[in-house]
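Enquirer: Below is the structure I would like to discuss, written out as structure tokens.
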Amino acid sequence: MREAIRVATSRGTDPASTPIGAVIVLDGEIIARAHNECDALHDPTAHAEMVAFRRGGASVANGNNPAGEMRGATLYSTLQPCGMCTMASIWAKVGRVVYGAGREDVHRMYFEARHTDTLAFIADAYRDDIGIEGGVLRQDCAALYFGPDDAVGEAEQGNL
Ligand SMILES: [Zn+2]
């Protein structure tokens, strides 16, 4: 998770830019690191976790695993993954998702009401496939973002 925080802050620490870091570990080794690249790639799905899945898949793919599935791997993310990224964890076949700050730890702009809390649904529906654990280095991760009670101007709320 400390590496995920390092990746998240590699482009600066402005909470308005939503610095999210994701790291995938397989057999004790980091196989992918990524931050959010939506703007850079002009890809609204290029969340840190999605970019990490693509890099991790490319690094483990071989003749027996052409799709680059990451069985037994752990995804670390500084912020609770959204529904898309949590569902992508199922397809990537990672065994575990570990996140730092949860939605209650940060300003609501990061989890607008339309972001339904699919994490609990997925943890329940896929409980034999995936373990989900939050709150790892919670304070350090939450410090990357606006706090729940911070006054955030509408122009700074990039997620609206
Ligand atoms: Zn996401």
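How things are named: the first chain in the structure tokens is A, the next is B, and so on; residues count from 1 in each chain; ligands count from 1 in the order shown.
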Residues up to 9 Å from ligand 1, counting only C-alpha atoms and all ligand atoms: could you list those as a VMD selection string?

Expert: chain A and resid 36 45 to 50 80 to 86 88

Enquirer: Based on the selection just made, write C-alpha atoms of those residues as a CSV table (one decimal), in the first residue's frame.

Expert:
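Saved result, selection_14.csv, follows:
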chain,number,residue,atom,x,y,z
A,36,ASN,CA,-5.4,7.4,-13.0
A,45,THR,CA,-12.4,4.0,-18.0
A,46,ALA,CA,-8.6,4.5,-17.4
A,47,HIS,CA,-8.9,4.4,-13.6
A,48,ALA,CA,-5.7,3.5,-11.8
A,49,GLU,CA,-7.0,0.0,-11.2
A,50,MET,CA,-8.0,-0.6,-14.8
A,80,GLN,CA,-12.1,2.2,-2.4
A,81,PRO,CA,-12.5,1.0,-6.0
A,82,CYS,CA,-15.6,1.9,-7.9
A,83,GLY,CA,-18.0,-0.7,-9.2
A,84,MET,CA,-16.3,-0.9,-12.6
A,85,CYS,CA,-12.9,-1.6,-11.1
A,86,THR,CA,-14.3,-4.0,-8.5
A,88,ALA,CA,-12.9,-5.9,-13.4

Enquirer: Would you please give, as number ranges by chain, all residues of stretch 75-104 of chain A that DSSP assigns to helix (DSSP H, G or I) based on the backbone?

Expert: A: 83-92, 103-104

Enquirer: Using only C-alpha atoms, find the one residue out of A:Gly63, A:Asp105, A:Ser17, A:Ile5 that sits nearest to A:Ala155.

Expert: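 So, comparing all the options, the nearest one is A:Ser17.
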
Enquirer: Between atom CA of A:His107 and atom CA of A:Ala16, what is the distance in Å, rounded to a tenth?

Expert: 10.6 Å

Enquirer: From the list A:Val106, A:Met1, A:Ala22, A:Cys38, which residue is nearest A:Leu144 when using only C-alpha atoms?

Expert: A:Val106

Enquirer: Write out as a tab-separated table (two decimals) with C-alpha atoms, in the first residue's frame the residues lying within 9 Å of A:Ala67, counting only C-alpha atoms and excluding same-chain residues fewer than 6 positions away.

Expert:
chain	number	residue	atom	x	y	z
A	57	GLY	CA	-2.13	-8.83	-17.63
A	58	ALA	CA	0.52	-7.98	-20.20
A	60	VAL	CA	1.92	-12.33	-16.86
A	61	ALA	CA	0.40	-13.41	-20.19
A	92	ALA	CA	-8.79	-10.21	-13.97

Enquirer: Using only C-alpha atoms, which residue out of A:Arg96, A:Phe146, A:Gly135, A:Glu104 lies closest to A:Ala123?

Expert: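 Counting only C-alpha atoms, the residue closest to A:Ala123 is A:Arg96.
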
Enquirer: For a quick check of understanding, using only C-alpha atoms, which of A:Asp150, A:Arg6, A:Ala125, A:Ser77 has the smallest distance to A:Arg108?

Expert: A:Asp150

Enquirer: Pick from A:Ile130, A:Ala4, A:Met109, A:Val94: nearest to A:Pro148, with only C-alpha atoms counted?

Expert: A:Met109

Enquirer: Env of A:Ala8: 12 Å cut, atoms = only C-alpha atoms, seq-sep filter 5 positions within chain, self excluded. Answer as a PyMOL selection string.

Expert: chain A and resi 1-3+13-15+17-23+33-37+47-49+76-79+100+140-145

Enquirer: Output N, CA and C atoms for every residue in the selection just made, as a compact mmCIF listing (two decimals), in the first residue's frame.

Expert:
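In the end it all went to selection-v2.txt:
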# COMPACT_ATOMS: atom_id res chain seq x y z
N MET A 1 0.83 -1.21 0.00
CA MET A 1 0.00 0.00 0.00
C MET A 1 0.87 1.26 0.00
N ARG A 2 2.04 1.15 0.66
CA ARG A 2 2.94 2.32 0.64
C ARG A 2 3.40 2.62 -0.79
N GLU A 3 3.59 1.58 -1.57
CA GLU A 3 3.97 1.79 -2.96
C GLU A 3 2.81 2.42 -3.74
N THR A 13 0.19 16.18 -5.35
CA THR A 13 -0.66 15.79 -4.23
C THR A 13 -1.94 16.60 -4.16
N ASP A 14 -2.31 17.26 -5.28
CA ASP A 14 -3.54 18.06 -5.27
C ASP A 14 -4.76 17.15 -5.16
N PRO A 15 -5.52 17.23 -4.07
CA PRO A 15 -6.67 16.34 -3.92
C PRO A 15 -7.73 16.54 -5.01
N SER A 17 -7.16 16.64 -8.09
CA SER A 17 -6.82 15.83 -9.26
C SER A 17 -7.02 14.34 -8.99
N THR A 18 -7.60 14.04 -7.84
CA THR A 18 -7.91 12.67 -7.46
C THR A 18 -6.70 11.73 -7.65
N PRO A 19 -5.67 11.94 -6.85
CA PRO A 19 -4.50 11.07 -6.98
C PRO A 19 -4.78 9.67 -6.43
N ILE A 20 -4.99 8.74 -7.33
CA ILE A 20 -5.25 7.35 -6.92
C ILE A 20 -4.09 6.50 -7.41
N GLY A 21 -3.62 5.63 -6.56
CA GLY A 21 -2.55 4.72 -6.94
C GLY A 21 -3.02 3.28 -6.81
N ALA A 22 -2.62 2.45 -7.77
CA ALA A 22 -2.97 1.02 -7.73
C ALA A 22 -1.72 0.21 -8.01
N VAL A 23 -1.59 -0.88 -7.26
CA VAL A 23 -0.45 -1.79 -7.41
C VAL A 23 -0.99 -3.21 -7.39
N ARG A 33 2.00 -1.18 -11.65
CA ARG A 33 1.76 0.05 -10.87
C ARG A 33 1.05 1.01 -11.81
N ALA A 34 0.09 1.77 -11.30
CA ALA A 34 -0.57 2.73 -12.17
C ALA A 34 -1.26 3.81 -11.35
N HIS A 35 -1.38 4.98 -11.98
CA HIS A 35 -2.27 6.01 -11.44
C HIS A 35 -3.35 6.26 -12.47
N ASN A 36 -4.32 7.07 -12.10
CA ASN A 36 -5.43 7.40 -12.99
C ASN A 36 -4.91 8.05 -14.27
N GLU A 37 -5.29 7.55 -15.43
CA GLU A 37 -4.82 8.10 -16.70
C GLU A 37 -5.96 8.49 -17.64
N HIS A 47 -9.19 4.28 -15.06
CA HIS A 47 -8.94 4.43 -13.63
C HIS A 47 -7.62 3.71 -13.30
N ALA A 48 -7.01 4.10 -12.18
CA ALA A 48 -5.72 3.51 -11.81
C ALA A 48 -5.78 1.98 -11.82
N GLU A 49 -6.87 1.45 -11.28
CA GLU A 49 -6.98 -0.01 -11.19
C GLU A 49 -7.06 -0.64 -12.58
N TYR A 76 -3.95 -3.62 -4.79
CA TYR A 76 -3.95 -2.59 -3.75
C TYR A 76 -4.35 -1.28 -4.38
N SER A 77 -5.28 -0.57 -3.77
CA SER A 77 -5.69 0.73 -4.27
C SER A 77 -5.80 1.70 -3.11
N THR A 78 -5.36 2.94 -3.32
CA THR A 78 -5.38 3.91 -2.23
C THR A 78 -6.80 4.32 -1.84
N LEU A 79 -7.74 4.17 -2.79
CA LEU A 79 -9.13 4.57 -2.52
C LEU A 79 -10.06 3.41 -2.89
N GLY A 100 -7.26 1.44 0.77
CA GLY A 100 -6.92 2.27 1.92
C GLY A 100 -8.13 3.02 2.43
N ASP A 140 -3.25 7.46 6.07
CA ASP A 140 -2.29 7.91 5.05
C ASP A 140 -2.97 8.05 3.70
N CYS A 141 -3.86 7.11 3.38
CA CYS A 141 -4.56 7.17 2.09
C CYS A 141 -5.58 8.30 2.09
N ALA A 142 -6.34 8.45 3.17
CA ALA A 142 -7.37 9.49 3.22
C ALA A 142 -6.74 10.88 3.10
N ALA A 143 -5.49 11.01 3.58
CA ALA A 143 -4.81 12.30 3.53
C ALA A 143 -4.54 12.76 2.09
N LEU A 144 -4.66 11.86 1.14
CA LEU A 144 -4.45 12.21 -0.27
C LEU A 144 -5.65 12.98 -0.83
N TYR A 145 -6.79 12.90 -0.16
CA TYR A 145 -8.04 13.40 -0.73
C TYR A 145 -8.65 14.47 0.17

Enquirer: For the atom pair atom CA of A:Glu156 and atom CA of A:Ala40, what is the interatomic distance in Å to one decimal place?

Expert: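 If I compute the distance from atom CA of A:Glu156 to atom CA of A:Ala40, I get 18.5 Å.
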